[in-house]
$ cat model.txt   # compact mmCIF, C-alpha atoms
# COMPACT_ATOMS: atom_id res chain seq x y z
CA SER A 18 124.41 97.37 88.98
CA ARG A 19 122.09 97.02 86.01
CA THR A 20 121.75 93.29 86.79
CA ALA A 21 120.83 94.04 90.42
CA ILE A 22 118.09 96.43 89.26
CA ALA A 23 116.85 93.86 86.73
CA SER A 24 116.74 91.33 89.58
CA GLU A 25 114.67 93.68 91.73
CA LEU A 26 112.21 94.12 88.85
CA ALA A 27 112.13 90.35 88.22
CA TRP A 28 111.08 89.68 91.82
CA GLN A 29 108.45 92.44 91.80
CA ASN A 30 106.99 91.06 88.57
CA ALA A 31 107.02 87.50 89.95
CA LEU A 32 105.26 88.58 93.16
CA ARG A 33 102.56 90.23 91.08
CA ALA A 34 102.24 87.30 88.66
CA ASP A 35 102.05 84.76 91.50
CA GLY A 36 99.40 86.76 93.35
CA ALA A 37 101.64 87.17 96.40
CA ALA A 38 101.74 90.99 96.39
CA ASN A 39 100.61 93.97 94.34
CA THR A 40 103.78 95.78 93.26
CA PRO A 41 104.53 98.82 91.07
CA VAL A 42 104.48 98.22 87.31
CA PRO A 43 107.60 99.38 85.43
CA VAL A 44 107.24 101.27 82.14
CA ARG A 45 109.26 100.26 79.07
CA GLY A 46 111.33 102.89 77.30
CA ARG A 47 110.99 103.67 73.59
CA ASP A 48 113.65 101.02 72.94
CA GLY A 49 111.58 98.40 74.78
CA ASP A 50 113.90 98.15 77.80
CA LEU A 51 112.70 98.65 81.38
CA ILE A 52 116.05 100.02 82.51
CA GLN A 53 117.40 103.18 80.88
CA THR A 54 120.90 104.61 81.30
CA VAL A 55 121.14 108.40 81.40
CA SER A 56 123.87 110.99 81.82
CA ILE A 57 123.22 114.33 83.50
CA ASP A 58 125.55 117.29 83.90
CA GLY A 59 127.01 117.33 87.40
CA LEU A 60 126.95 113.54 87.91
CA PRO A 61 130.33 111.85 87.52
CA ALA A 62 128.89 108.70 85.92
CA PRO A 63 125.73 107.63 84.07
CA ARG A 64 122.82 106.33 86.15
CA ASN A 65 120.49 103.38 85.59
CA ILE A 66 116.87 104.49 86.00
CA VAL A 67 113.41 102.91 85.99
CA LEU A 68 110.04 104.62 85.61
CA PHE A 69 106.99 103.09 87.30
CA LYS A 70 103.32 103.67 86.63
CA TRP A 71 101.61 105.84 89.23
CA GLU A 72 100.00 103.92 92.11
CA GLU A 73 96.98 105.24 93.99
CA GLY A 74 96.66 104.61 97.72
CA ARG A 75 97.60 105.84 101.19
CA GLU A 76 99.79 104.66 104.03
CA PRO A 77 97.92 102.71 106.76
CA ASP A 78 97.23 104.64 109.98
CA PRO A 79 100.35 104.26 112.21
CA ALA A 80 98.14 104.47 115.32
CA ASP A 81 96.09 101.41 114.29
CA PRO A 82 97.70 98.03 115.17
CA SER A 83 95.72 96.40 112.33
CA GLY A 84 98.23 97.97 109.93
CA TYR A 85 100.93 95.81 111.50
CA GLU A 86 98.76 92.72 111.14
CA LEU A 87 98.47 93.64 107.47
CA LEU A 88 102.27 93.94 107.26
CA GLY A 89 102.56 90.46 108.79
CA GLU A 90 100.05 88.94 106.36
CA THR A 91 101.81 90.57 103.40
CA ALA A 92 105.25 89.39 104.55
CA ALA A 93 103.97 85.82 104.97
CA ARG A 94 102.65 85.76 101.38
CA MET A 95 105.89 87.18 100.04
CA HIS A 96 107.99 84.71 102.04
CA ALA A 97 105.90 81.79 100.75
CA GLN A 98 106.42 83.00 97.18
CA VAL A 99 110.17 83.31 97.68
CA LYS A 100 110.48 79.76 99.04
CA ALA A 101 108.72 78.36 95.94
CA TRP A 102 110.18 80.70 93.29
CA ASN A 103 112.86 79.56 90.85
CA ARG A 104 114.98 82.68 90.55
CA PRO A 105 116.62 83.46 87.18
CA PRO A 106 120.21 82.13 87.07
CA TRP A 107 121.52 85.67 86.67
CA PHE A 108 119.67 86.98 89.75
CA GLU A 109 121.90 89.32 91.79
CA ARG A 110 121.03 91.12 95.01
CA HIS A 111 123.17 92.01 98.00
CA THR A 112 123.15 90.02 101.25
CA TRP A 113 122.12 91.45 104.61
CA ASP A 114 123.76 89.13 107.16
CA PHE A 115 125.79 89.86 110.28
CA GLU A 116 129.03 90.60 108.39
CA THR A 117 127.39 93.04 105.96
CA SER A 118 125.29 94.72 108.65
CA LEU A 119 127.33 94.97 111.86
CA GLY A 120 130.47 93.02 110.96
CA ASP A 121 133.58 93.69 108.89
CA LYS A 122 131.87 94.28 105.51
CA PRO A 123 129.02 96.70 106.33
CA HIS A 124 126.89 98.03 103.47
CA TRP A 125 125.83 101.09 105.47
CA GLY A 126 129.04 101.95 107.29
CA ARG A 127 130.40 100.91 110.68
CA TRP A 128 128.26 101.24 113.78
CA ARG A 129 131.28 102.57 115.70
CA GLN A 130 131.05 105.70 113.54
CA GLY A 131 127.49 106.44 114.64
CA MET A 132 126.64 109.91 115.89
CA GLY A 133 127.20 110.65 119.58
CA LEU A 134 129.07 107.49 120.53
CA THR A 135 130.92 107.81 123.85
CA PRO A 136 133.34 105.19 125.26
CA GLU A 137 130.57 104.08 127.65
CA ILE A 138 127.95 103.72 124.91
CA GLU A 139 130.45 101.95 122.67
CA LYS A 140 131.04 99.29 125.37
CA VAL A 141 127.29 98.65 125.66
CA PHE A 142 126.95 98.38 121.87
CA GLU A 143 130.00 96.10 121.70
CA ARG A 144 128.49 93.61 124.14
CA THR A 145 125.13 93.81 122.35
CA VAL A 146 126.65 93.25 118.91
CA ASP A 147 128.57 90.24 120.21
CA LEU A 148 125.36 88.75 121.64
CA ILE A 149 123.57 89.34 118.31
CA ARG A 150 126.40 87.57 116.48
CA ARG A 151 126.30 84.55 118.79
CA ARG A 152 122.53 84.21 118.60
CA LEU A 153 122.49 84.48 114.80
CA GLU A 154 125.23 81.87 114.49
CA ARG A 155 123.09 79.53 116.58
CA TYR A 156 119.90 80.42 114.65
CA GLY A 157 121.54 79.62 111.32
CA LYS A 158 120.82 80.34 107.65
CA ALA A 159 118.63 77.46 106.51
CA PRO A 160 116.56 78.45 103.40
CA ASP A 161 113.34 78.49 105.45
CA ARG A 162 114.95 81.16 107.66
CA PHE A 163 117.33 83.01 105.34
CA ASN A 164 116.08 83.96 101.89
CA LEU A 165 115.05 86.89 99.71
CA VAL A 166 113.38 89.68 101.72
CA HIS A 167 111.95 93.14 101.07
CA GLY A 168 114.27 94.64 103.68
CA ASP A 169 112.23 97.76 104.49
CA MET A 170 108.66 96.62 105.18
CA ARG A 171 107.39 99.65 107.06
CA LEU A 172 103.87 101.10 106.96
CA ALA A 173 105.32 103.87 104.78
CA ASN A 174 105.96 101.25 102.09
CA LEU A 175 102.40 99.91 102.02
CA LEU A 176 99.64 101.60 100.05
CA LEU A 177 95.97 100.93 100.77
CA ASP A 178 93.80 101.48 97.70
CA GLY A 179 90.30 100.48 98.79
CA LYS A 180 90.69 96.80 99.68
CA THR A 181 93.87 96.43 97.62
CA VAL A 182 97.20 96.35 99.46
CA LYS A 183 100.27 97.43 97.49
CA VAL A 184 103.95 97.04 98.41
CA ILE A 185 106.45 99.66 97.20
CA ASP A 186 110.14 100.61 97.61
CA PHE A 187 112.10 97.41 96.93
CA ASP A 188 115.52 99.08 96.66
CA ASP A 189 116.81 97.42 99.88
CA CYS A 190 115.62 93.94 98.88
CA GLY A 191 118.23 91.23 99.21
CA PHE A 192 119.08 88.04 101.04
CA SER A 193 118.60 88.02 104.79
CA TRP A 194 116.68 86.34 107.57
CA LEU A 195 112.94 86.32 106.89
CA MET A 196 112.25 87.67 110.39
CA TYR A 197 114.33 90.73 109.53
CA ASP A 198 111.23 91.88 107.62
CA CYS A 199 109.42 92.04 110.96
CA ALA A 200 112.17 94.14 112.54
CA THR A 201 112.02 96.71 109.76
CA THR A 202 108.36 97.47 110.58
CA VAL A 203 109.42 99.37 113.72
CA SER A 204 112.39 101.19 112.16
CA PHE A 205 113.40 104.46 113.84
CA PHE A 206 111.18 103.96 116.92
CA GLU A 207 112.37 100.60 118.25
CA GLU A 208 112.60 101.90 121.82
CA LYS A 209 108.93 103.01 122.06
CA PRO A 210 106.79 101.20 124.66
CA GLU A 211 104.19 100.16 122.06
CA VAL A 212 106.69 98.20 119.95
CA PRO A 213 106.18 94.78 121.66
CA ASP A 214 102.43 95.00 120.98
CA LEU A 215 103.05 96.03 117.35
CA VAL A 216 105.37 93.05 116.88
CA LYS A 217 102.68 90.77 118.36
CA ALA A 218 100.20 92.24 115.86
CA TRP A 219 102.65 91.46 113.03
CA VAL A 220 103.00 87.88 114.27
CA ARG A 221 99.21 87.47 114.44
CA GLY A 222 98.90 88.65 110.86
CA TYR A 223 101.72 86.38 109.70
CA ARG A 224 100.16 83.29 111.31
CA ARG A 225 96.86 83.94 109.51
CA VAL A 226 98.71 83.14 106.29
CA ALA A 227 101.63 80.87 107.20
CA PRO A 228 103.06 78.98 110.18
CA LEU A 229 105.66 80.70 112.34
CA SER A 230 107.67 78.67 114.83
CA ALA A 231 108.22 79.72 118.43
CA GLU A 232 111.96 79.90 117.73
CA ASP A 233 111.41 82.27 114.81
CA GLU A 234 109.16 84.47 116.94
CA ARG A 235 111.64 84.47 119.83
CA GLU A 236 114.46 85.71 117.58
CA ILE A 237 112.53 88.78 116.38
CA ASP A 238 114.02 90.73 119.30
CA THR A 239 117.49 89.99 117.90
CA PHE A 240 116.54 91.36 114.50
CA VAL A 241 114.97 94.48 116.03
CA MET A 242 118.25 95.07 117.90
CA LEU A 243 120.33 94.40 114.79
CA ARG A 244 118.20 96.81 112.77
CA ARG A 245 118.52 99.53 115.42
CA ILE A 246 122.31 99.40 115.47
CA LEU A 247 122.41 99.08 111.68
CA LEU A 248 120.38 102.30 111.41
CA ILE A 249 122.81 104.01 113.80
CA ALA A 250 125.53 103.04 111.33
CA TRP A 251 123.41 104.36 108.44
CA ILE A 252 122.89 107.70 110.22
CA GLY A 253 126.64 107.99 110.81
CA SER A 254 127.46 107.32 107.16
CA HIS A 255 124.65 109.56 105.84
CA SER A 256 125.17 112.49 108.17
CA GLU A 257 124.48 114.96 105.35
CA THR A 258 120.85 113.85 105.02
CA GLU A 259 117.91 115.56 106.70
CA LEU A 260 116.72 112.28 108.26
CA ALA A 261 120.13 111.53 109.79
CA GLN A 262 120.40 115.04 111.21
CA SER A 263 116.91 114.85 112.70
CA MET A 264 117.64 111.50 114.44
CA GLY A 265 121.33 112.00 115.20
CA VAL A 266 122.75 111.74 118.71
CA THR A 267 119.40 111.18 120.41
CA TYR A 268 118.79 108.03 118.36
CA THR A 269 122.14 106.66 119.55
CA GLN A 270 121.54 107.57 123.19
CA THR A 271 118.02 106.10 123.37
CA ALA A 272 119.36 102.80 122.02
CA VAL A 273 121.28 102.17 125.27
CA PRO A 274 118.26 101.11 127.40
CA LEU A 275 117.11 98.95 124.47
CA CYS A 276 120.51 97.21 124.45
CA GLU A 277 120.43 96.69 128.19
CA SER A 278 116.95 95.22 128.04
CA TYR A 279 117.97 92.89 125.19
CA MET A 280 121.03 91.66 127.09
CA ALA A 281 119.00 91.16 130.28
CA LYS A 282 116.49 89.03 128.37
CA PHE A 283 119.05 86.85 126.59
$ encode --input "model.txt" --output "structure tokens"
Amino acid sequence: SRTAIASELAWQNALRADGAANTPVPVRGRDGDLIQTVSIDGLPAPRNIVLFKWEEGREPDPADPSGYELLGETAARMHAQVKAWNRPPWFERHTWDFETSLGDKPHWGRWRQGMGLTPEIEKVFERTVDLIRRRLERYGKAPDRFNLVHGDMRLANLLLDGKTVKVIDFDDCGFSWLMYDCATTVSFFEEKPEVPDLVKAWVRGYRRVAPLSAEDEREIDTFVMLRRILLIAWIGSHSETELAQSMGVTYTQTAVPLCESYMAKF
């Protein structure tokens, strides 16, 4: 909605104004509004659009763990800003909790409709999803754990411009667990052997800026698992996209050992 886009812009502007993160600067239209509504032949309804100023920079090197420390530092500053920020009364963003991710009201489609699901794989996922649900119920949604998050804090959404770090692509931002931001850093390769070390690098970076409890750190595995199954649901509901087709069945199949490892641990 127009209000949801205005809310996204309000948070980006507040992050920039509070010195918590460098974010893209929106450009006002000739009428002075940041959000423009346009109609184009072939689209059934008008679209709300925003133009941003061009940002220089490059993605951090994925092979360098220091990039993940930088992600952790950036997330910690953004989380601190969120905890102190008085949001506008009209602020409206969607919620990423269990129900809207893997439960009965999923934003990105149902995980059972993922590509390549067999009865055997479905049973493994079912047990995993139930364990995720129980752990998240126990973990809770206190404001210091569940608040406004970026929702897609991958290296691809950081720009390094000299010594300046910029955060882009806020379109998934909404209300979720703060540690979900850690899980998103390893999106699409959660099963890789280097992931535990990359998560540790993120935690190191986070603790340079803000405290992080042992319980919060311990639950990161749950959010990595939630994100993996959520992305399987996304691939199933976006099967027409190039990314979904490139990940497809293999992404579902390689999640099985990850599920088994998660269940063995917890």
$ residues_around --input "model.txt" --residues "stretch 149-154 of chain A" --least-positions-apart "2" --cutoff "12 Å" --atoms "only C-alpha atoms" --output "ChimeraX atom specification"
/A:114-120,142-147,156-159,162-163,193-194,196-197,232-233,235-247,276,279-280,283
$ atom_distance --input "model.txt" --atom1 "atom CA of A:Ile249" --atom2 "atom CA of A:His124"
12.6 Å
$ atom_distance --input "model.txt" --atom1 "atom CA of A:Leu177" --atom2 "atom CA of A:Glu73"
8.1 Å
$ residues_around --input "model.txt" --residues "A:Met95" --least-positions-apart "2" --cutoff "12 Å" --atoms "all atoms listed in the file" --output "VMD selection string"
chain A and resid 28 to 29 31 to 40 88 to 93 97 to 102 164 to 168 170 183 to 184 190 195 198 223 226 to 227
$ closest_residue --input "model.txt" --among "A:Glu137, A:Asp161, A:Asp58, A:Glu25" --to "A:Arg104" --atoms "all atoms listed in the file"
A:Glu25
$ closest_residue --input "model.txt" --among "A:Lys70, A:Lys140, A:Arg110, A:Lys209" --to "A:Ala27" --atoms "only C-alpha atoms"
A:Arg110
$ closest_residue --input "model.txt" --among "A:Ser83, A:Ser18, A:Asn30, A:Ser230" --to "A:Glu109" --atoms "only C-alpha atoms"
A:Ser18
$ residues_around --input "model.txt" --residues "A:Val266" --least-positions-apart "6" --cutoff "8 Å" --atoms "only C-alpha atoms" --output "list in words"
Met132, Gly133 and Leu134 of chain A
$ decode --input "model.txt" --residues "stretch 195-261 of chain A" --atoms "C-alpha atoms" --output "mmCIF file, in the first residue's frame"
data_model
loop_
_atom_site.group_PDB
_atom_site.id
_atom_site.type_symbol
_atom_site.label_atom_id
_atom_site.label_comp_id
_atom_site.auth_asym_id
_atom_site.auth_seq_id
_atom_site.Cartn_x
_atom_site.Cartn_y
_atom_site.Cartn_z
ATOM 1 C CA LEU A 195 15.836 -9.187 15.467
ATOM 2 C CA MET A 196 17.940 -12.338 15.046
ATOM 3 C CA TYR A 197 16.083 -13.038 11.804
ATOM 4 C CA ASP A 198 18.368 -10.370 10.313
ATOM 5 C CA CYS A 199 21.300 -12.692 11.036
ATOM 6 C CA ALA A 200 19.608 -15.632 9.314
ATOM 7 C CA THR A 201 19.040 -13.633 6.140
ATOM 8 C CA THR A 202 22.797 -13.104 5.723
ATOM 9 C CA VAL A 203 23.230 -16.735 4.617
ATOM 10 C CA SER A 204 20.142 -16.888 2.383
ATOM 11 C CA PHE A 205 20.239 -19.487 -0.407
ATOM 12 C CA PHE A 206 23.364 -21.279 0.903
ATOM 13 C CA GLU A 207 22.345 -22.210 4.449
ATOM 14 C CA GLU A 208 23.625 -25.778 4.061
ATOM 15 C CA LYS A 209 27.220 -24.799 3.160
ATOM 16 C CA PRO A 210 29.933 -25.900 5.624
ATOM 17 C CA GLU A 211 31.237 -22.335 6.071
ATOM 18 C CA VAL A 212 27.906 -21.002 7.371
ATOM 19 C CA PRO A 213 28.587 -21.597 11.119
ATOM 20 C CA ASP A 214 31.808 -19.569 10.852
ATOM 21 C CA LEU A 215 30.024 -16.783 8.948
ATOM 22 C CA VAL A 216 27.345 -16.631 11.649
ATOM 23 C CA LYS A 217 30.086 -16.412 14.302
ATOM 24 C CA ALA A 218 31.627 -13.526 12.342
ATOM 25 C CA TRP A 219 28.223 -11.774 12.319
ATOM 26 C CA VAL A 220 27.917 -12.252 16.082
ATOM 27 C CA ARG A 221 31.421 -10.844 16.637
ATOM 28 C CA GLY A 222 30.523 -7.765 14.626
ATOM 29 C CA TYR A 223 27.213 -7.342 16.445
ATOM 30 C CA ARG A 224 28.866 -7.506 19.885
ATOM 31 C CA ARG A 225 31.310 -4.754 18.921
ATOM 32 C CA VAL A 226 28.320 -2.413 18.841
ATOM 33 C CA ALA A 227 25.685 -3.882 21.179
ATOM 34 C CA PRO A 228 25.246 -6.700 23.695
ATOM 35 C CA LEU A 229 23.867 -10.016 22.481
ATOM 36 C CA SER A 230 22.687 -12.598 25.002
ATOM 37 C CA ALA A 231 23.654 -16.261 24.851
ATOM 38 C CA GLU A 232 19.962 -17.126 24.388
ATOM 39 C CA ASP A 233 19.683 -14.808 21.391
ATOM 40 C CA GLU A 234 22.815 -16.309 19.855
ATOM 41 C CA ARG A 235 21.608 -19.868 20.491
ATOM 42 C CA GLU A 236 18.334 -19.218 18.651
ATOM 43 C CA ILE A 237 20.044 -18.050 15.439
ATOM 44 C CA ASP A 238 19.993 -21.673 14.220
ATOM 45 C CA THR A 239 16.195 -21.608 14.487
ATOM 46 C CA PHE A 240 15.973 -18.484 12.349
ATOM 47 C CA VAL A 241 18.371 -19.918 9.749
ATOM 48 C CA MET A 242 16.123 -23.000 9.541
ATOM 49 C CA LEU A 243 12.967 -20.877 9.362
ATOM 50 C CA ARG A 244 14.478 -18.754 6.593
ATOM 51 C CA ARG A 245 15.503 -21.842 4.599
ATOM 52 C CA ILE A 246 12.013 -23.338 4.625
ATOM 53 C CA LEU A 247 10.481 -19.909 3.993
ATOM 54 C CA LEU A 248 12.646 -19.578 0.871
ATOM 55 C CA ILE A 249 11.509 -23.029 -0.269
ATOM 56 C CA ALA A 250 7.964 -21.667 -0.020
ATOM 57 C CA TRP A 251 9.012 -18.538 -1.952
ATOM 58 C CA ILE A 252 10.562 -20.643 -4.728
ATOM 59 C CA GLY A 253 7.365 -22.703 -4.983
ATOM 60 C CA SER A 254 5.172 -19.610 -5.257
ATOM 61 C CA HIS A 255 7.547 -17.809 -7.660
ATOM 62 C CA SER A 256 8.300 -20.735 -9.948
ATOM 63 C CA GLU A 257 8.190 -18.473 -13.011
ATOM 64 C CA THR A 258 11.274 -16.518 -11.901
ATOM 65 C CA GLU A 259 14.807 -17.244 -13.054
ATOM 66 C CA LEU A 260 16.078 -17.470 -9.461
ATOM 67 C CA ALA A 261 13.413 -20.008 -8.465
#
